[in-house]
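File shown here: target19.pdb, holding PDB, C-alpha atoms and all ligand atoms.
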ATOM      1  CA  MET A   1       6.922  -4.099 -20.594
ATOM      2  CA  THR A   2       4.508  -3.700 -23.454
ATOM      3  CA  GLU A   3       0.819  -3.348 -22.848
ATOM      4  CA  PRO A   4       0.696  -5.283 -19.620
ATOM      5  CA  ASN A   5      -2.322  -5.710 -17.495
ATOM      6  CA  LYS A   6      -2.278  -5.925 -13.740
ATOM      7  CA  VAL A   7      -4.679  -7.565 -11.427
ATOM      8  CA  ILE A   8      -5.965  -7.424  -7.941
ATOM      9  CA  ASN A   9      -7.110 -10.273  -5.823
ATOM     10  CA  GLY A  10      -7.889 -12.308  -8.876
ATOM     11  CA  GLU A  11     -10.146 -15.145  -9.749
ATOM     12  CA  ALA A  12     -10.639 -18.060  -7.427
ATOM     13  CA  GLY A  13      -7.336 -19.834  -7.126
ATOM     14  CA  GLU A  14      -4.716 -20.731  -4.598
ATOM     15  CA  LEU A  15      -3.132 -17.723  -2.993
ATOM     16  CA  GLU A  16       0.074 -18.333  -1.145
ATOM     17  CA  GLU A  17       0.413 -16.530   2.154
ATOM     18  CA  PRO A  18       1.604 -12.996   1.251
ATOM     19  CA  ARG A  19       5.292 -12.693   2.079
ATOM     20  CA  PRO A  20       7.042  -9.438   3.054
ATOM     21  CA  LEU A  21       9.863  -8.487   0.706
ATOM     22  CA  MET A  22      13.206  -7.775   2.334
ATOM     23  CA  PRO A  23      14.928  -4.452   1.575
ATOM     24  CA  GLY A  24      16.681  -4.770  -1.793
ATOM     25  CA  GLU A  25      15.050  -8.124  -2.563
ATOM     26  CA  LYS A  26      14.040  -8.626  -6.189
ATOM     27  CA  PHE A  27      11.026 -10.486  -7.490
ATOM     28  CA  ARG A  28      10.310 -11.980 -10.893
ATOM     29  CA  PHE A  29       7.181 -10.879 -12.686
ATOM     30  CA  ALA A  30       5.826  -9.670 -15.991
ATOM     31  CA  CYS A  31       2.316  -9.365 -17.293
ATOM     32  CA  ARG A  32       1.876  -9.221 -21.045
ATOM     33  CA  LYS A  33      -0.414  -9.989 -23.880
ATOM     34  CA  GLY A  34       0.384 -13.458 -25.115
ATOM     35  CA  LEU A  35       0.401 -15.086 -21.694
ATOM     36  CA  ARG A  36      -2.267 -17.748 -21.444
ATOM     37  CA  CYS A  37      -3.722 -16.057 -18.391
ATOM     38  CA  PHE A  38      -3.848 -12.586 -19.987
ATOM     39  CA  THR A  39      -6.893 -10.648 -18.677
ATOM     40  CA  HIS A  40      -8.270 -13.705 -16.878
ATOM     41  CA  CYS A  41      -7.690 -11.966 -13.602
ATOM     42  CA  CYS A  42      -9.753  -8.870 -14.496
ATOM     43  CA  ARG A  43     -12.963 -10.415 -13.261
ATOM     44  CA  ASP A  44     -14.881 -11.203 -10.137
ATOM     45  CA  LEU A  45     -12.938  -8.654  -8.140
ATOM     46  CA  ASN A  46     -13.600  -6.734  -4.997
ATOM     47  CA  LEU A  47     -11.720  -3.722  -6.278
ATOM     48  CA  PHE A  48     -11.704  -0.703  -3.957
ATOM     49  CA  LEU A  49     -11.621   2.734  -5.514
ATOM     50  CA  SER A  50      -9.847   5.554  -3.732
ATOM     51  CA  PRO A  51     -10.715   9.223  -4.356
ATOM     52  CA  TYR A  52      -7.672   9.449  -6.618
ATOM     53  CA  ASP A  53      -8.645   6.308  -8.557
ATOM     54  CA  ILE A  54     -12.042   7.875  -9.215
ATOM     55  CA  LEU A  55     -10.539  11.192 -10.270
ATOM     56  CA  ARG A  56      -8.250   9.491 -12.790
ATOM     57  CA  LEU A  57     -10.929   7.170 -14.153
ATOM     58  CA  LYS A  58     -13.683   9.740 -14.572
ATOM     59  CA  ASN A  59     -11.294  12.002 -16.481
ATOM     60  CA  ARG A  60     -10.107   9.094 -18.569
ATOM     61  CA  LEU A  61     -13.709   8.356 -19.506
ATOM     62  CA  GLY A  62     -14.551  12.049 -19.956
ATOM     63  CA  ILE A  63     -17.525  11.928 -17.612
ATOM     64  CA  SER A  64     -18.452  13.653 -14.359
ATOM     65  CA  SER A  65     -17.692  12.019 -11.026
ATOM     66  CA  GLY A  66     -21.447  11.677 -10.440
ATOM     67  CA  ASP A  67     -21.896   9.790 -13.710
ATOM     68  CA  PHE A  68     -18.866   7.640 -12.957
ATOM     69  CA  LEU A  69     -20.223   6.674  -9.548
ATOM     70  CA  ARG A  70     -23.675   5.930 -10.939
ATOM     71  CA  LYS A  71     -22.355   3.801 -13.789
ATOM     72  CA  TYR A  72     -19.280   2.100 -12.417
ATOM     73  CA  ALA A  73     -19.252   2.113  -8.623
ATOM     74  CA  SER A  74     -21.026   0.406  -5.759
ATOM     75  CA  THR A  75     -21.174   1.947  -2.314
ATOM     76  CA  ASN A  76     -20.621  -0.199   0.738
ATOM     77  CA  ILE A  77     -19.913   0.526   4.342
ATOM     78  CA  GLY A  78     -16.414  -0.567   5.362
ATOM     79  CA  ILE A  79     -16.656  -3.389   7.868
ATOM     80  CA  VAL A  80     -13.701  -2.132   9.892
ATOM     81  CA  SER A  81     -13.699   1.588   9.104
ATOM     82  CA  GLY A  82     -17.449   2.187   9.105
ATOM     83  CA  PHE A  83     -16.912   4.681   6.261
ATOM     84  CA  PRO A  84     -18.575   4.604   2.868
ATOM     85  CA  VAL A  85     -16.246   2.738   0.516
ATOM     86  CA  MET A  86     -16.472   2.542  -3.256
ATOM     87  CA  THR A  87     -15.825  -0.574  -5.273
ATOM     88  CA  LEU A  88     -15.707  -0.980  -9.034
ATOM     89  CA  ARG A  89     -18.947  -2.569 -10.198
ATOM     90  CA  MET A  90     -18.258  -5.681 -12.238
ATOM     91  CA  ASN A  91     -20.366  -6.519 -15.289
ATOM     92  CA  LYS A  92     -23.316  -8.750 -14.544
ATOM     93  CA  ASP A  93     -22.176 -11.420 -16.969
ATOM     94  CA  GLN A  94     -21.335 -15.002 -16.142
ATOM     95  CA  GLU A  95     -17.798 -14.182 -15.108
ATOM     96  CA  TRP A  96     -18.364 -10.801 -13.472
ATOM     97  CA  THR A  97     -15.827  -9.190 -15.779
ATOM     98  CA  CYS A  98     -14.373  -5.781 -15.124
ATOM     99  CA  PRO A  99     -16.213  -3.165 -17.236
ATOM    100  CA  PHE A 100     -12.881  -2.029 -18.682
ATOM    101  CA  VAL A 101     -11.387  -5.308 -19.843
ATOM    102  CA  THR A 102     -11.281  -6.478 -23.464
ATOM    103  CA  PRO A 103      -9.400  -9.401 -25.017
ATOM    104  CA  ASP A 104      -6.675  -6.877 -25.874
ATOM    105  CA  GLY A 105      -6.254  -5.732 -22.297
ATOM    106  CA  CYS A 106      -7.345  -2.877 -20.102
ATOM    107  CA  THR A 107      -9.040  -0.002 -21.932
ATOM    108  CA  VAL A 108      -8.212   2.441 -19.119
ATOM    109  CA  TYR A 109      -4.676   1.165 -18.703
ATOM    110  CA  ALA A 110      -2.938   4.534 -18.244
ATOM    111  CA  ASP A 111      -5.456   5.428 -15.521
ATOM    112  CA  ARG A 112      -6.143   2.005 -14.006
ATOM    113  CA  PRO A 113      -6.725   1.913 -10.248
ATOM    114  CA  ALA A 114      -3.893   1.633  -7.749
ATOM    115  CA  SER A 115      -4.593  -1.991  -6.869
ATOM    116  CA  CYS A 116      -4.330  -3.015 -10.546
ATOM    117  CA  ARG A 117      -0.981  -1.228 -10.753
ATOM    118  CA  THR A 118       0.464  -2.548  -7.544
ATOM    119  CA  TYR A 119      -0.194  -6.269  -8.099
ATOM    120  CA  PRO A 120       1.633  -8.585  -7.446
ATOM    121  CA  LEU A 121       2.658  -6.403  -4.520
ATOM    122  CA  GLY A 122       0.635  -5.182  -1.586
ATOM    123  CA  ARG A 123       1.584  -2.253   0.650
ATOM    124  CA  LEU A 124       1.266  -1.828   4.385
ATOM    125  CA  VAL A 125       1.919   1.589   5.923
ATOM    126  CA  GLU A 126       2.469   2.151   9.614
ATOM    127  CA  LYS A 127       2.805   5.648  10.997
ATOM    128  CA  ASN A 128       4.570   6.479  14.221
ATOM    129  CA  ARG A 129       2.275   8.880  16.049
ATOM    130  CA  ASP A 130       5.124  10.532  17.966
ATOM    131  CA  THR A 131       7.526  11.105  15.094
ATOM    132  CA  ASN A 132       4.977  11.146  12.260
ATOM    133  CA  ARG A 133       7.339   8.904  10.294
ATOM    134  CA  LYS A 134       5.892   6.330   7.956
ATOM    135  CA  LYS A 135       7.136   2.780   7.612
ATOM    136  CA  GLU A 136       6.229   0.980   4.415
ATOM    137  CA  THR A 137       6.289  -2.775   3.974
ATOM    138  CA  TYR A 138       5.654  -4.452   0.648
ATOM    139  CA  PHE A 139       4.299  -7.968   0.369
ATOM    140  CA  ILE A 140       4.261 -10.241  -2.627
ATOM    141  CA  PHE A 141       1.081 -12.134  -3.473
ATOM    142  CA  ARG A 142       1.563 -15.281  -5.519
ATOM    143  CA  GLU A 143      -1.542 -16.725  -7.123
ATOM    144  CA  ASP A 144      -1.269 -20.058  -8.831
ATOM    145  CA  HIS A 145      -3.228 -19.038 -11.933
ATOM    146  CA  CYS A 146      -0.913 -16.088 -12.614
ATOM    147  CA  LEU A 147       1.794 -16.991 -15.122
ATOM    148  CA  GLY A 148       3.502 -13.639 -14.687
ATOM    149  CA  PHE A 149       5.732 -15.154 -12.000
ATOM    150  CA  GLU A 150       7.306 -17.442 -14.582
ATOM    151  CA  GLU A 151       8.542 -14.555 -16.702
ATOM    152  CA  PRO A 152      12.234 -13.624 -16.452
ATOM    153  CA  ASP A 153      11.862  -9.876 -15.702
ATOM    154  CA  GLU A 154      13.284  -8.937 -12.303
ATOM    155  CA  TRP A 155      12.246  -5.972 -10.193
ATOM    156  CA  SER A 156      13.096  -4.341  -6.926
ATOM    157  CA  VAL A 157      10.134  -2.707  -5.176
ATOM    158  CA  GLU A 158      11.465   0.710  -6.130
ATOM    159  CA  GLU A 159      11.763  -0.261  -9.796
ATOM    160  CA  TRP A 160       8.249  -1.656  -9.779
ATOM    161  CA  LEU A 161       6.783   1.480  -8.187
ATOM    162  CA  ASP A 162       8.485   3.626 -10.828
ATOM    163  CA  ASP A 163       7.555   1.391 -13.741
ATOM    164  CA  GLN A 164       3.906   1.263 -12.742
ATOM    165  CA  GLU A 165       3.744   4.959 -11.731
ATOM    166  CA  ILE A 166       2.387   4.051  -8.317
ATOM    167  CA  LYS A 167       3.973   6.719  -6.133
ATOM    168  CA  ILE A 168       1.386   9.439  -6.773
ATOM    169  CA  TYR A 169      -1.354   6.901  -5.952
ATOM    170  CA  ASN A 170       0.383   6.000  -2.698
ATOM    171  CA  GLU A 171       0.779   9.650  -1.796
ATOM    172  CA  MET A 172      -2.913  10.385  -2.379
ATOM    173  CA  ASN A 173      -4.030   7.217  -0.626
ATOM    174  CA  ASP A 174      -1.948   8.136   2.414
ATOM    175  CA  LEU A 175      -3.711  11.483   2.559
ATOM    176  CA  PHE A 176      -7.035   9.678   2.432
ATOM    177  CA  MET A 177      -5.908   7.319   5.199
ATOM    178  CA  GLU A 178      -5.183  10.342   7.383
ATOM    179  CA  LEU A 179      -8.901  11.035   7.292
ATOM    180  CA  ILE A 180      -9.661   7.561   8.549
ATOM    181  CA  VAL A 181      -7.107   7.941  11.346
ATOM    182  CA  SER A 182      -8.680  11.296  12.310
ATOM    183  CA  ARG A 183     -11.896   9.489  13.149
ATOM    184  CA  ASP A 184     -10.025   7.241  15.579
ATOM    185  CA  ARG A 185      -8.269  10.235  17.119
ATOM    186  CA  ALA A 186     -11.628  11.957  17.564
ATOM    187  CA  GLY A 187     -12.921   8.807  19.291
ATOM    188  CA  ILE A 188     -15.934   8.664  16.985
ATOM    189  CA  LYS A 189     -17.291   5.189  16.409
ATOM    190  CA  ASN A 190     -20.198   5.622  14.038
ATOM    191  CA  LEU A 191     -20.955   8.367  11.559
ATOM    192  CA  THR A 192     -24.412   9.847  11.286
ATOM    193  CA  ASP A 193     -26.206   9.631   7.937
ATOM    194  CA  GLU A 194     -25.366  13.254   7.267
ATOM    195  CA  GLN A 195     -21.692  12.668   8.051
ATOM    196  CA  MET A 196     -21.697   9.664   5.702
ATOM    197  CA  ARG A 197     -23.153  11.822   2.941
ATOM    198  CA  ASN A 198     -20.580  14.563   3.489
ATOM    199  CA  PHE A 199     -17.776  12.022   3.503
ATOM    200  CA  ALA A 200     -18.926  10.428   0.248
ATOM    201  CA  LEU A 201     -19.485  13.801  -1.385
ATOM    202  CA  SER A 202     -16.160  15.384  -0.519
ATOM    203  CA  CYS A 203     -14.057  12.276  -1.114
ATOM    204  CA  TYR A 204     -15.669  10.597  -4.095
ATOM    205  CA  ASN A 205     -17.950  13.014  -5.953
ATOM    206  CA  LEU A 206     -15.462  15.718  -6.811
ATOM    207  CA  ASP A 207     -17.571  17.577  -9.376
ATOM    208  CA  LYS A 208     -20.461  17.891  -6.964
ATOM    209  CA  PHE A 209     -18.103  18.879  -4.161
ATOM    210  CA  LYS A 210     -16.692  21.580  -6.438
ATOM    211  CA  ASP A 211     -20.198  23.036  -6.922
ATOM    212  CA  MET A 212     -20.645  23.066  -3.156
ATOM    213  CA  ALA A 213     -17.198  24.533  -2.454
ATOM    214  CA  PHE A 214     -17.878  27.454  -4.752
ATOM    215  CA  THR A 215     -21.277  28.373  -3.396
ATOM    216  CA  PRO A 216     -21.072  31.794  -1.708
ATOM    217  CA  GLY A 217     -19.776  31.623   1.850
ATOM    218  CA  PHE A 218     -18.434  28.049   1.780
ATOM    219  CA  LEU A 219     -14.748  28.880   1.541
ATOM    220  CA  GLU A 220     -15.044  31.971   3.707
ATOM    221  CA  GLU A 221     -14.631  29.931   6.866
ATOM    222  CA  PHE A 222     -11.012  29.359   5.869
ATOM    223  CA  ASP A 223      -8.177  31.794   5.513
ATOM    224  CA  LEU A 224      -7.264  30.859   1.970
ATOM    225  CA  SER A 225      -5.146  32.968  -0.340
ATOM    226  CA  VAL A 226      -6.619  34.219  -3.593
ATOM    227  CA  GLU A 227      -3.991  32.148  -5.444
ATOM    228  CA  TYR A 228      -5.028  28.983  -3.621
ATOM    229  CA  VAL A 229      -8.734  29.540  -4.321
ATOM    230  CA  THR A 230      -7.923  30.162  -7.987
ATOM    231  CA  ARG A 231      -6.004  26.898  -8.033
ATOM    232  CA  LEU A 232      -8.939  25.053  -6.462
ATOM    233  CA  ARG A 233     -11.078  26.165  -9.392
ATOM    234  CA  SER A 234      -8.754  24.817 -12.045
ATOM    235  CA  ASP A 235      -6.713  22.039 -10.412
ATOM    236  CA  GLU A 236      -8.777  18.956  -9.584
ATOM    237  CA  LEU A 237      -6.005  17.263  -7.666
ATOM    238  CA  GLU A 238      -5.739  20.261  -5.370
ATOM    239  CA  LEU A 239      -9.524  20.267  -4.997
ATOM    240  CA  MET A 240      -9.485  16.572  -4.119
ATOM    241  CA  LYS A 241      -6.883  17.196  -1.406
ATOM    242  CA  PHE A 242      -8.948  20.116  -0.130
ATOM    243  CA  GLY A 243     -12.056  17.887  -0.048
ATOM    244  CA  ILE A 244     -10.282  15.312   2.097
ATOM    245  CA  ARG A 245      -9.010  18.004   4.468
ATOM    246  CA  TRP A 246     -12.438  19.605   4.590
ATOM    247  CA  ALA A 247     -13.935  16.253   5.601
ATOM    248  CA  GLN A 248     -11.242  15.898   8.265
ATOM    249  CA  PHE A 249     -12.253  19.285   9.638
ATOM    250  CA  THR A 250     -15.997  19.105   9.325
ATOM    251  CA  LEU A 251     -16.404  15.522  10.512
ATOM    252  CA  PHE A 252     -13.678  15.190  13.107
ATOM    253  CA  GLY A 253     -12.668  18.737  14.025
ATOM    254  CA  GLU A 254      -9.114  18.321  12.772
ATOM    255  CA  THR A 255      -7.726  20.752  10.291
ATOM    256  CA  THR A 256      -4.640  21.328   8.276
ATOM    257  CA  LEU A 257      -6.461  24.221   6.625
ATOM    258  CA  PRO A 258      -5.955  27.736   7.965
ATOM    259  CA  LEU A 259      -9.115  28.981   9.670
ATOM    260  CA  LYS A 260     -10.304  32.553   9.904
TER     261      LYS A 260
HETATM  262  S1  LIG B 301       0.147 -12.509 -15.696
HETATM  263 FE1  LIG B 301      -1.008 -12.485 -13.804
HETATM  264  S2  LIG B 301      -1.602 -10.340 -13.666
HETATM  265 FE2  LIG B 301      -1.050 -10.689 -15.785
HETATM  266  S3  LIG B 301      -2.925 -11.282 -16.840
HETATM  267 FE3  LIG B 301      -1.940 -13.153 -16.159
HETATM  268  S4  LIG B 301      -2.952 -13.571 -14.206
HETATM  269 FE4  LIG B 301      -3.302 -11.448 -14.672
HETATM  270  S1  LIG B 302      -9.271  -1.665 -14.427
HETATM  271 FE1  LIG B 302      -8.083  -2.613 -16.071
HETATM  272  S2  LIG B 302      -6.414  -3.692 -15.033
HETATM  273 FE2  LIG B 302      -7.958  -3.240 -13.489
HETATM  274  S3  LIG B 302      -9.274  -5.044 -13.393
HETATM  275 FE3  LIG B 302     -10.185  -3.634 -14.872
HETATM  276  S4  LIG B 302      -9.387  -4.212 -16.871
HETATM  277 FE4  LIG B 302      -8.092  -5.161 -15.306
END

Kindly present the structure from the file in C-alpha cells form.
Amino acid sequence: MTEPNKVINGEAGELEEPRPLMPGEKFRFACRKGLRCFTHCCRDLNLFLSPYDILRLKNRLGISSGDFLRKYASTNIGIVSGFPVMTLRMNKDQEWTCPFVTPDGCTVYADRPASCRTYPLGRLVEKNRDTNRKKETYFIFREDHCLGFEEPDEWSVEEWLDDQEIKIYNEMNDLFMELIVSRDRAGIKNLTDEQMRNFALSCYNLDKFKDMAFTPGFLEEFDLSVEYVTRLRSDELELMKFGIRWAQFTLFGETTLPLK
C-alpha cells in the first residue's frame, strides 16, 4: 500500500454492526490517495490517545509531552473507567478536521495513533484471571462512506497487524489496560483529585514524569538495578512502562516492581 490513511469511527454515516472475524478469515480493504473518500474520515472524531500514542506523536512533532497535551489533547473522565482519558483535539473549523490531516494525507503517518492504524478492524481482549491468558477477537467495521472496502487487496488479521505495525501498540495498550484492571481488583470506585493527577502525570505526561522520577529519593523506594535506572534515563519506552507500573503501585497497591 502506498501512502494510505486510516480512520477511526469516521464521519457521520451508516455503520454496519461490527462483525467478529473468524480465525483465518480474510477481508478486503485498501486505503489510498486517489480514492474519492481519501482523508474524508479524518474529521469529527472521538479519537482516544493511549500513553504510547502520545509518546510516538510528541516525538514525531519534536515537542515535549506537556506541549503536546496542551496543544493537541483534551482531557475527559472516562464514563465507564472513571480515569482521565485523553482525546485528540480536532481543529475548530467547520468540519472538525484532525490537526494532522492535509489533502495529501496524514502528516504524522508513521506515528499515527493505534485507532487510525487498526481501522477497519477493532480489537477486543479478554483475560482469564486464573490462567492469565489473553483471548483476542477482531471485529470488522464497515462504514458506508468508506470506499476502501471496494478495493481488491485481501488481508488476514495477522497480515493487517504486520502491515500496519500495530503489534507494539497492542502490547503497550494491554499494559495500560492492566492498570485499569488493577483499580477493579483493588475495589476502588472513584479516584481522588490527587490520584487523578498522578494517573495523568505518570501515564500521559512522560517528560514531566521523568523529572519527578529523577528527583532525589523517588526511585529509592524500589530495588532497581543501576542498569535499569540508567535505561530509564535514556529509554522513553521503558520509562513509560515504569510510569504505568508506578501508577499501579501508588494508586492501587499492586506492583510488578521490586520493592526495597
Ligand atoms: S478508504 Fe476509508 S479509511 Fe481510507 S480515506 Fe477513505 S474513508 Fe478513510
Ligand atoms: S492522525 Fe492521521 S490518520 Fe489519524 S485521523 Fe489524524 S490525519 Fe487521519

(request) Select all residues near (5.0, -9.6, 5.4) (cut-off 10 Å, inclusive, file coordinates), counting only C-alpha atoms, and output them as a list of chain:residue names. (result)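 Within the cut-off we find A:Glu17, A:Pro18, A:Arg19, A:Pro20, A:Leu21, A:Met22, A:Gly122, A:Arg123, A:Leu124, A:Thr137, A:Tyr138, A:Phe139, A:Ile140.
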
Going by the chain IDs and residue numbers used in this file, which residues fall under the PyMOL selection byres (((chain A and resi 54) around 10) and not hetatm)? Write them as a PDB file with C-alpha atoms, in the coordinates of the input.
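Heads up, here's the output in selection-v1.pdb:
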ATOM      1  CA  LEU A  49     -11.621   2.734  -5.514  1.00  0.00           C
ATOM      2  CA  SER A  50      -9.847   5.554  -3.732  1.00  0.00           C
ATOM      3  CA  PRO A  51     -10.715   9.223  -4.356  1.00  0.00           C
ATOM      4  CA  TYR A  52      -7.672   9.449  -6.618  1.00  0.00           C
ATOM      5  CA  ASP A  53      -8.645   6.308  -8.557  1.00  0.00           C
ATOM      6  CA  LEU A  55     -10.539  11.192 -10.270  1.00  0.00           C
ATOM      7  CA  ARG A  56      -8.250   9.491 -12.790  1.00  0.00           C
ATOM      8  CA  LEU A  57     -10.929   7.170 -14.153  1.00  0.00           C
ATOM      9  CA  LYS A  58     -13.683   9.740 -14.572  1.00  0.00           C
ATOM     10  CA  ASN A  59     -11.294  12.002 -16.481  1.00  0.00           C
ATOM     11  CA  ARG A  60     -10.107   9.094 -18.569  1.00  0.00           C
ATOM     12  CA  SER A  65     -17.692  12.019 -11.026  1.00  0.00           C
ATOM     13  CA  PHE A  68     -18.866   7.640 -12.957  1.00  0.00           C
ATOM     14  CA  LEU A  69     -20.223   6.674  -9.548  1.00  0.00           C
ATOM     15  CA  TYR A  72     -19.280   2.100 -12.417  1.00  0.00           C
ATOM     16  CA  ALA A  73     -19.252   2.113  -8.623  1.00  0.00           C
ATOM     17  CA  MET A  86     -16.472   2.542  -3.256  1.00  0.00           C
ATOM     18  CA  LEU A  88     -15.707  -0.980  -9.034  1.00  0.00           C
ATOM     19  CA  ASP A 111      -5.456   5.428 -15.521  1.00  0.00           C
ATOM     20  CA  ARG A 112      -6.143   2.005 -14.006  1.00  0.00           C
ATOM     21  CA  PRO A 113      -6.725   1.913 -10.248  1.00  0.00           C
ATOM     22  CA  CYS A 203     -14.057  12.276  -1.114  1.00  0.00           C
ATOM     23  CA  TYR A 204     -15.669  10.597  -4.095  1.00  0.00           C
ATOM     24  CA  ASN A 205     -17.950  13.014  -5.953  1.00  0.00           C
ATOM     25  CA  LEU A 206     -15.462  15.718  -6.811  1.00  0.00           C
TER      26      LEU A 206
END

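Those residues that approach stretch 194-197 of chain A to within 8 Å, counting all atoms listed in the file, are Phe83, Pro84, Leu191, Thr192, Phe199, Ala200, Leu201 and Leu251 of chain A; same-chain residues fewer than 2 positions away are not listed.
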
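Around ligand LIG 302 (chain B), the neighbouring residues within 8 Å, taking only C-alpha atoms and all ligand atoms, come to Asn5, Lys6, Val7, Ile8, Thr39, Cys41, Cys42, Arg43, Leu45, Leu47, Thr97, Cys98, Pro99, Phe100, Val101, Thr102, Gly105, Cys106, Thr107, Val108, Tyr109, Arg112, Pro113, Ser115, Cys116 and Arg117 of chain A.
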
Can you spit out the residues from that selection as a PDB file, in the frame of the given file, using C-alpha atoms?
ATOM      1  CA  ASN A   5      -2.322  -5.710 -17.495  1.00  0.00           C
ATOM      2  CA  LYS A   6      -2.278  -5.925 -13.740  1.00  0.00           C
ATOM      3  CA  VAL A   7      -4.679  -7.565 -11.427  1.00  0.00           C
ATOM      4  CA  ILE A   8      -5.965  -7.424  -7.941  1.00  0.00           C
ATOM      5  CA  THR A  39      -6.893 -10.648 -18.677  1.00  0.00           C
ATOM      6  CA  CYS A  41      -7.690 -11.966 -13.602  1.00  0.00           C
ATOM      7  CA  CYS A  42      -9.753  -8.870 -14.496  1.00  0.00           C
ATOM      8  CA  ARG A  43     -12.963 -10.415 -13.261  1.00  0.00           C
ATOM      9  CA  LEU A  45     -12.938  -8.654  -8.140  1.00  0.00           C
ATOM     10  CA  LEU A  47     -11.720  -3.722  -6.278  1.00  0.00           C
ATOM     11  CA  THR A  97     -15.827  -9.190 -15.779  1.00  0.00           C
ATOM     12  CA  CYS A  98     -14.373  -5.781 -15.124  1.00  0.00           C
ATOM     13  CA  PRO A  99     -16.213  -3.165 -17.236  1.00  0.00           C
ATOM     14  CA  PHE A 100     -12.881  -2.029 -18.682  1.00  0.00           C
ATOM     15  CA  VAL A 101     -11.387  -5.308 -19.843  1.00  0.00           C
ATOM     16  CA  THR A 102     -11.281  -6.478 -23.464  1.00  0.00           C
ATOM     17  CA  GLY A 105      -6.254  -5.732 -22.297  1.00  0.00           C
ATOM     18  CA  CYS A 106      -7.345  -2.877 -20.102  1.00  0.00           C
ATOM     19  CA  THR A 107      -9.040  -0.002 -21.932  1.00  0.00           C
ATOM     20  CA  VAL A 108      -8.212   2.441 -19.119  1.00  0.00           C
ATOM     21  CA  TYR A 109      -4.676   1.165 -18.703  1.00  0.00           C
ATOM     22  CA  ARG A 112      -6.143   2.005 -14.006  1.00  0.00           C
ATOM     23  CA  PRO A 113      -6.725   1.913 -10.248  1.00  0.00           C
ATOM     24  CA  SER A 115      -4.593  -1.991  -6.869  1.00  0.00           C
ATOM     25  CA  CYS A 116      -4.330  -3.015 -10.546  1.00  0.00           C
ATOM     26  CA  ARG A 117      -0.981  -1.228 -10.753  1.00  0.00           C
TER      27      ARG A 117
END

(request) Could you state which residues are captured by the PyMOL selection byres (((chain A and resi 135) around 12) and not hetatm) in this file, as a PyMOL selection string? (result) chain A and resi 123-129+131-134+136-138+174

(message) Measuring between all atoms listed in the file, which one of A:Lys260, A:Lys33, A:Lys241, A:Arg183 shows the shortest distance to ligand LIG 301 (chain B)?
(response)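 So, comparing all the options, the nearest one is A:Lys33.
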
(request) Go through A:Asp93, A:Asp144, A:Asp235, A:Asp207 and flag the residue nearest ligand LIG 301 (chain B), using all atoms listed in the file for the distances. (result)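 Checking each of A:Asp93, A:Asp144, A:Asp235, A:Asp207 against ligand LIG 301 (chain B), counting all atoms listed in the file, the winner is A:Asp144.
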
(request) Have a look at atom CA of A:Glu151 and atom CA of A:Tyr169 and let me know their distance in Å, one decimal. (result) 26.0 Å

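Distances here use all atoms listed in the file; by that measure, the residue among A:Ile180, A:Leu175, A:Cys146, A:Leu259 closest to A:Gly78 is A:Ile180.
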
(request) Between A:Glu150, A:Asp130, A:Asp67, A:Glu178, single out the one closest to ligand LIG 301 (chain B), counting only C-alpha atoms and all ligand atoms. (result)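 The closest residue to ligand LIG 301 (chain B) is A:Glu150.
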
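When all atoms listed in the file are used to compute distances to ligand LIG 301 (chain B), the closest of the residues A:His40, A:Arg28, A:Gly34, A:Glu238 turns out to be A:His40.
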
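Take atom S1 of ligand LIG 301 (chain B) and atom CA of A:Gly62: the distance between them is 28.9 Å.
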
(request) Considering only C-alpha atoms and all ligand atoms, state which residue in the set A:Met172, A:Cys37, A:Leu179, A:Leu257 is at the smallest distance from ligand LIG 301 (chain B). (result)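 Among A:Met172, A:Cys37, A:Leu179, A:Leu257, it is A:Cys37 that comes nearest to ligand LIG 301 (chain B).
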